[in-house]
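> Enclosed is the structure file model-v6.cif (mmCIF, C-alpha atoms).
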```
data_target
loop_
_atom_site.label_atom_id
_atom_site.label_comp_id
_atom_site.auth_asym_id
_atom_site.auth_seq_id
_atom_site.Cartn_x
_atom_site.Cartn_y
_atom_site.Cartn_z
CA TYR A 1 38.28 29.76 -104.92
CA THR A 2 37.86 26.82 -107.28
CA ASN A 3 39.74 24.19 -105.28
CA ASP A 4 38.22 20.77 -104.71
CA THR A 5 37.55 21.41 -101.04
CA TYR A 6 35.55 24.57 -101.75
CA GLN A 7 33.55 22.89 -104.50
CA SER A 8 32.68 19.90 -102.29
CA ILE A 9 31.57 22.19 -99.45
CA LYS A 10 29.52 24.29 -101.85
CA LYS A 11 27.79 21.16 -103.12
CA LEU A 12 27.05 20.08 -99.55
CA SER A 13 25.63 23.54 -98.82
CA GLU A 14 23.31 23.39 -101.83
CA GLU A 15 22.10 19.91 -100.89
CA ASN A 16 21.40 20.73 -97.23
CA LYS A 17 20.22 24.32 -97.75
CA PHE A 18 22.44 25.85 -95.06
CA PHE A 19 23.97 29.30 -95.41
CA HIS A 20 27.60 29.89 -94.52
CA TRP A 21 28.78 33.49 -94.81
CA GLY A 22 32.41 32.53 -95.39
CA LEU A 23 31.46 30.25 -98.27
CA GLU A 24 28.94 32.58 -99.86
CA PHE A 25 31.25 35.63 -99.67
CA PRO A 26 34.81 34.26 -99.49
CA GLN A 27 36.31 37.48 -100.87
CA ILE A 28 34.97 39.35 -97.82
CA PHE A 29 36.64 37.09 -95.27
CA TYR A 30 39.65 35.50 -97.05
CA ASP A 31 42.48 36.62 -99.31
CA GLU A 32 43.47 35.05 -102.65
CA ASN A 33 45.50 32.38 -100.85
CA GLY A 34 42.59 31.28 -98.67
CA ASN A 35 43.95 32.90 -95.51
CA LYS A 36 41.60 34.83 -93.27
CA LYS A 37 41.95 38.58 -93.70
CA THR A 38 43.18 40.60 -90.72
CA ASN A 39 40.21 42.98 -90.96
CA ASN A 40 37.56 40.73 -92.45
CA GLY A 41 33.86 41.46 -92.70
CA PHE A 42 31.40 43.73 -94.46
CA ASP A 43 31.65 47.51 -94.75
CA ILE A 44 27.93 47.79 -94.03
CA VAL A 45 25.13 45.52 -92.83
CA ILE A 46 21.51 46.64 -93.31
CA GLY A 47 18.53 44.58 -92.28
CA ASN A 48 14.89 44.16 -91.36
CA PRO A 49 14.92 40.96 -89.26
CA PRO A 50 11.81 38.91 -88.51
CA TYR A 51 10.00 39.61 -85.26
CA VAL A 52 9.12 36.25 -83.74
CA GLN A 53 9.22 35.46 -80.03
CA SER A 54 10.91 32.30 -78.80
CA ARG A 55 7.68 31.08 -77.22
CA ASP A 56 6.02 31.06 -80.64
CA GLN A 57 4.89 27.55 -81.52
CA ARG A 58 6.26 27.99 -85.05
CA ILE A 59 9.79 27.74 -83.63
CA SER A 60 10.84 24.17 -82.87
CA GLU A 61 12.58 23.25 -79.61
CA SER A 62 15.66 22.09 -81.50
CA PHE A 63 15.89 25.44 -83.27
CA LYS A 64 15.55 27.30 -79.96
CA LYS A 65 18.33 25.25 -78.38
CA ALA A 66 20.62 25.83 -81.37
CA ILE A 67 20.04 29.61 -81.23
CA GLU A 68 20.57 29.75 -77.45
CA LYS A 69 23.80 27.78 -77.75
CA LYS A 70 25.27 29.91 -80.53
CA PHE A 71 24.41 33.48 -79.51
CA CYS A 72 25.51 35.09 -76.24
CA THR A 73 22.84 37.83 -76.32
CA VAL A 74 19.90 35.41 -76.25
CA HIS A 75 18.18 34.85 -72.91
CA SER A 76 14.79 34.86 -71.19
CA MET A 77 11.78 35.01 -73.59
CA TRP A 78 13.92 36.30 -76.45
CA ASP A 79 12.75 37.56 -79.82
CA ILE A 80 14.51 36.34 -82.95
CA TYR A 81 15.57 39.86 -83.92
CA VAL A 82 18.07 39.68 -81.02
CA PRO A 83 20.33 36.96 -82.55
CA PHE A 84 19.86 38.59 -85.96
CA MET A 85 21.36 41.80 -84.57
CA GLU A 86 24.22 39.96 -82.88
CA LEU A 87 25.08 38.12 -86.10
CA GLY A 88 24.90 41.31 -88.16
CA LEU A 89 27.31 43.03 -85.80
CA GLN A 90 29.69 40.06 -85.87
CA LEU A 91 29.83 40.26 -89.67
CA LEU A 92 31.12 43.86 -89.65
CA LYS A 93 34.72 44.70 -90.38
CA ILE A 94 36.46 47.16 -88.07
CA GLY A 95 35.09 50.57 -88.98
CA GLY A 96 32.00 49.01 -90.60
CA ASN A 97 28.47 50.36 -90.16
CA PHE A 98 25.28 48.58 -89.16
CA ALA A 99 21.64 49.64 -89.48
CA MET A 100 18.52 47.65 -88.65
CA ILE A 101 14.86 48.41 -88.11
CA VAL A 102 13.75 46.40 -85.08
CA LYS A 103 10.98 46.22 -82.51
CA ASP A 104 10.63 49.14 -80.13
CA THR A 105 11.28 46.68 -77.29
CA LEU A 106 15.05 47.12 -77.76
CA GLY A 107 16.41 48.59 -74.54
CA GLU A 108 12.95 48.46 -72.95
CA VAL A 109 12.44 44.84 -71.91
CA ASN A 110 14.45 42.22 -70.05
CA TYR A 111 15.24 39.95 -72.99
CA THR A 112 17.22 42.75 -74.69
CA THR A 113 19.54 43.53 -71.74
CA LYS A 114 22.36 41.24 -72.93
CA LEU A 115 22.09 42.61 -76.45
CA VAL A 116 22.33 46.20 -75.22
CA ASP A 117 25.30 45.24 -73.06
CA PHE A 118 26.94 43.55 -76.08
CA ILE A 119 26.52 46.72 -78.14
CA GLU A 120 27.76 49.02 -75.39
CA LYS A 121 30.90 46.96 -74.73
CA ASN A 122 31.91 46.15 -78.29
CA HIS A 123 30.43 48.79 -80.58
CA TYR A 124 29.26 52.38 -80.84
CA LEU A 125 25.58 53.30 -81.17
CA TYR A 126 25.75 56.66 -82.95
CA GLN A 127 22.07 57.16 -83.81
CA ILE A 128 18.68 55.78 -82.84
CA ASP A 129 15.34 56.80 -84.34
CA PHE A 130 12.02 56.47 -82.48
CA PHE A 131 8.54 56.11 -84.03
CA PRO A 132 6.23 55.95 -80.96
CA GLU A 133 2.93 56.66 -82.73
CA ILE A 134 3.79 55.41 -86.21
CA LYS A 135 3.32 51.90 -87.53
CA ILE A 136 5.93 51.87 -90.26
CA PHE A 137 4.72 48.57 -91.73
CA GLY A 138 1.05 49.57 -91.68
CA THR A 139 -1.85 49.07 -89.32
CA ASP A 140 -2.12 45.36 -90.11
CA VAL A 141 1.22 44.76 -88.39
CA GLY A 142 0.91 45.22 -84.64
CA VAL A 143 4.53 46.27 -84.13
CA LYS A 144 6.18 49.63 -83.52
CA ASN A 145 9.79 50.19 -84.37
CA LYS A 146 13.16 51.74 -83.70
CA ILE A 147 15.99 52.10 -86.20
CA VAL A 148 19.50 51.75 -84.81
CA TYR A 149 22.77 52.84 -86.40
CA ILE A 150 25.89 51.22 -84.97
CA LYS A 151 29.58 51.41 -85.83
CA ASN A 152 32.17 48.72 -85.21
CA GLY A 153 34.59 51.14 -83.65
CA LYS A 154 35.29 53.45 -80.75
CA LYS A 155 32.80 56.03 -79.56
CA ASN A 156 33.65 59.58 -80.63
CA ARG A 157 30.48 61.44 -79.68
CA GLN A 158 27.15 60.96 -77.93
CA ALA A 159 24.42 59.11 -79.77
CA LYS A 160 22.02 61.21 -81.81
CA ARG A 161 18.41 60.47 -80.77
CA ILE A 162 15.73 61.31 -83.33
CA LEU A 163 11.98 61.37 -82.65
CA HIS A 164 9.58 60.98 -85.60
CA HIS A 165 6.23 62.44 -84.51
CA PRO A 166 3.40 62.70 -85.41
CA ARG A 167 4.33 61.79 -89.00
CA ILE A 168 7.36 59.92 -90.22
CA ASN A 169 8.88 63.01 -91.86
CA ASP A 170 8.43 65.18 -88.75
CA CYS A 171 11.80 64.83 -87.01
CA PHE A 172 12.98 66.24 -83.68
CA GLN A 173 16.33 65.71 -82.00
CA LEU A 174 16.03 64.56 -78.39
CA ASP A 175 18.43 65.33 -75.57
CA SER A 176 21.61 63.26 -75.50
CA VAL A 177 21.89 60.77 -72.64
CA GLU A 178 24.41 58.12 -71.66
CA GLY A 179 24.11 54.40 -70.92
CA ILE A 180 21.06 52.28 -71.56
CA GLU A 181 18.73 55.26 -71.22
CA LYS A 182 19.63 56.37 -74.74
CA TYR A 183 17.75 53.35 -76.11
CA LYS A 184 14.52 54.75 -74.66
CA GLN A 185 12.52 57.60 -76.11
CA LYS A 186 11.36 58.69 -72.68
CA THR A 187 14.04 58.74 -70.04
CA ALA A 188 13.50 58.71 -66.30
CA GLU A 189 12.69 62.16 -64.90
CA PHE A 190 13.76 61.23 -61.39
CA SER A 191 16.24 58.96 -59.70
CA ILE A 192 16.01 56.98 -56.47
CA ASN A 193 18.81 57.07 -53.95
CA THR A 194 19.64 53.42 -53.32
CA GLU A 195 22.36 54.12 -50.77
CA ASN A 196 21.94 52.09 -47.57
CA THR A 197 19.08 50.08 -49.07
CA ILE A 198 18.52 46.35 -49.59
CA PRO A 199 16.94 45.02 -52.81
CA LEU A 200 13.52 43.49 -52.18
CA GLY A 201 14.69 40.26 -53.83
CA LYS A 202 17.24 39.83 -51.02
CA ILE A 203 14.47 39.77 -48.43
CA CYS A 204 11.71 37.77 -50.06
CA TYR A 205 10.72 36.01 -53.25
CA THR A 206 8.77 38.20 -55.67
CA THR A 207 6.83 37.16 -58.73
CA TYR A 208 4.10 38.34 -61.07
CA GLY A 209 0.46 37.93 -60.13
CA LEU A 210 -2.20 36.94 -62.63
CA ARG A 211 -1.22 37.85 -66.19
CA LEU A 212 -4.13 37.71 -68.62
CA ASN A 213 -2.40 37.06 -71.89
CA SER A 214 -2.19 34.30 -74.44
CA ASP A 215 0.03 33.52 -77.39
CA LYS A 216 -2.05 33.90 -80.56
CA TYR A 217 0.12 31.28 -82.27
CA ASP A 218 -0.36 28.70 -79.53
CA LYS A 219 -2.51 26.04 -81.17
CA LYS A 220 -3.22 24.36 -77.83
CA PHE A 221 -5.33 27.34 -76.70
CA LYS A 222 -4.49 27.22 -73.01
CA PHE A 223 -7.49 29.39 -72.19
CA LYS A 224 -10.34 31.07 -74.02
CA LYS A 225 -12.25 34.28 -73.46
CA SER A 226 -15.06 32.26 -71.88
CA ASP A 227 -12.61 31.08 -69.22
CA LEU A 228 -12.21 34.66 -68.06
CA ILE A 229 -15.57 36.29 -68.76
CA SER A 230 -18.96 34.67 -68.27
CA ALA A 231 -22.58 35.74 -67.89
CA ASN A 232 -22.93 33.16 -65.09
CA ARG A 233 -21.60 33.91 -61.64
CA THR A 234 -19.05 31.43 -60.39
CA LYS A 235 -20.16 29.44 -57.39
CA ILE A 236 -17.74 29.65 -54.49
#
```
Can you dump the structure from the file as structure tokens?

Amino acid sequence: YTNDTYQSIKKLSEENKFFHWGLEFPQIFYDENGNKKTNNGFDIVIGNPPYVQSRDQRISESFKKAIEKKFCTVHSMWDIYVPFMELGLQLLKIGGNFAMIVKDTLGEVNYTTKLVDFIEKNHYLYQIDFFPEIKIFGTDVGVKNKIVYIKNGKKNRQAKRILHHPRINDCFQLDSVEGIEKYKQKTAEFSINTENTIPLGKICYTTYGLRLNSDKYDKKFKFKKSDLISANRTKI
């Protein structure tokens, strides 16, 4: 790996501060002759990705567009842990193992549906741990977590679902379930018969009503508390 081409690319990488997995770890992806290995990738990928929503003002529009163009699991008001998970899974060799601690929104909210579908179609989730009442990173971090364990291979058993409650070392195995329900600590206790029914969206347009929230990182401050609550009655 000391040829002129490699050295020139490495120099370019150092100057522009980009990170290219194939250049940083050539022995993982290429053989001694520079040919791509048949089963290339890492044996294991472990991570704690950042949790930053795409609407965060700290993320530039150009960065958002680049992420949305590169990763197939990114959609809606995505969180940056979604492309991190997709990339980590792509870096696995066949038979490799993946583990990440992520937000508890995985499998719960709309922006994770494509990621869950990606995992279900291409990989095997063999364990997921839930921490519903535990803030693993402390009370100063307003995020709760799940830890997922995924194999780049075929499914050979149902996923093990572990609940940590009330303390992190108190572990209980939950019932095994199939499909996207296994990503949720609490699964639906009833089902609705949708036979001979029409989705509401086919009849009329539906949308949210008033949503009283604001992005704490939004420096424009679209509204303030005084816009919502006042000692003076509004004149109508």
> Residue by residue, what does the PyMOL selection byres ((chain A and resi 167-177) around 10) grab here? Present the result as a list in words.
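With the shown file as input, the PyMOL selection byres ((chain A and resi 167-177) around 10) matches Asp129, Phe130, Phe131, Glu133, Ile134, Lys135, Ile136, Arg157, Gln158, Ala159, Lys160, Arg161, Ile162, Leu163, His164, His165, Pro166, Glu178, Gly179, Ile180, Glu181, Lys182, Tyr183, Lys184, Gln185, Lys186 and Thr187 of chain A.
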> So what does the PyMOL selection byres ((chain A and resi 96) around 12) actually pick up in this one, as a PyMOL selection string?
chain A and resi 39-46+88-95+97-99+123-124+149-154
> Please compute the CA of Glu15 (chain A)-CA of Asp79 (chain A) distance, one decimal, in Å.
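Those two atoms sit 29.0 Å apart.
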> Expanded to explicit residues, what is the PyMOL selection byres ((chain A and resi 106) around 10) for this file, as a list of chain:residue names?
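When the PyMOL selection byres ((chain A and resi 106) around 10) is applied, the selected residues are A:Tyr81, A:Val82, A:Val102, A:Lys103, A:Asp104, A:Thr105, A:Gly107, A:Glu108, A:Val109, A:Asn110, A:Tyr111, A:Thr112, A:Thr113, A:Leu115, A:Val116, A:Asn145, A:Lys146, A:Ile147, A:Val148, A:Tyr183, A:Lys184.
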> May I have the protein, DNA and RNA residues with an atom at most 9 Å from (16.5, 34.5, -88.5), counting all atoms listed in the file in the file's coordinates, returned as a PyMOL selection string?
chain A and resi 49-52+80-81+83-84
> Calculate how many Å separate CA of Met85 (chain A) from CA of Gly22 (chain A), rounding to one decimal.
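Pair CA of Met85 (chain A) / CA of Gly22 (chain A) returns 18.0 Å.
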> What does the distance from CA of Phe25 (chain A) to CA of Asp4 (chain A) come to in Å, to one decimal?
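Value for the CA of Phe25 (chain A)-CA of Asp4 (chain A) distance: 17.2 Å.
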> Can you work out which one of A:Asn196, A:Glu24, A:Asn156, A:Lys65 has the shortest atom-to-atom distance to Lys11 (chain A), counting all atoms listed in the file?
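Selected residue with least distance to Lys11 (chain A): A:Glu24.
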> So, counting all atoms listed in the file, which residue among A:Met77, A:Ser13, A:Lys36, A:Glu195 is closest to Asp56 (chain A)?
A:Met77
> Which residues are close to Cys72 (chain A), i.e. within 10 Å by all atoms listed in the file, leaving aside same-chain residues fewer than 2 positions away? Reply as an MDAnalysis selection string.
chainID A and resid 67:70 74:75 82:83 86 114:115 118
> Taking only C-alpha atoms into account, which of A:Asn33, A:Asn16, A:Thr139, A:Asn193 comes nearest Asn3 (chain A)?
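Residue with the minimum atom-to-atom distance to Asn3 (chain A): A:Asn33.
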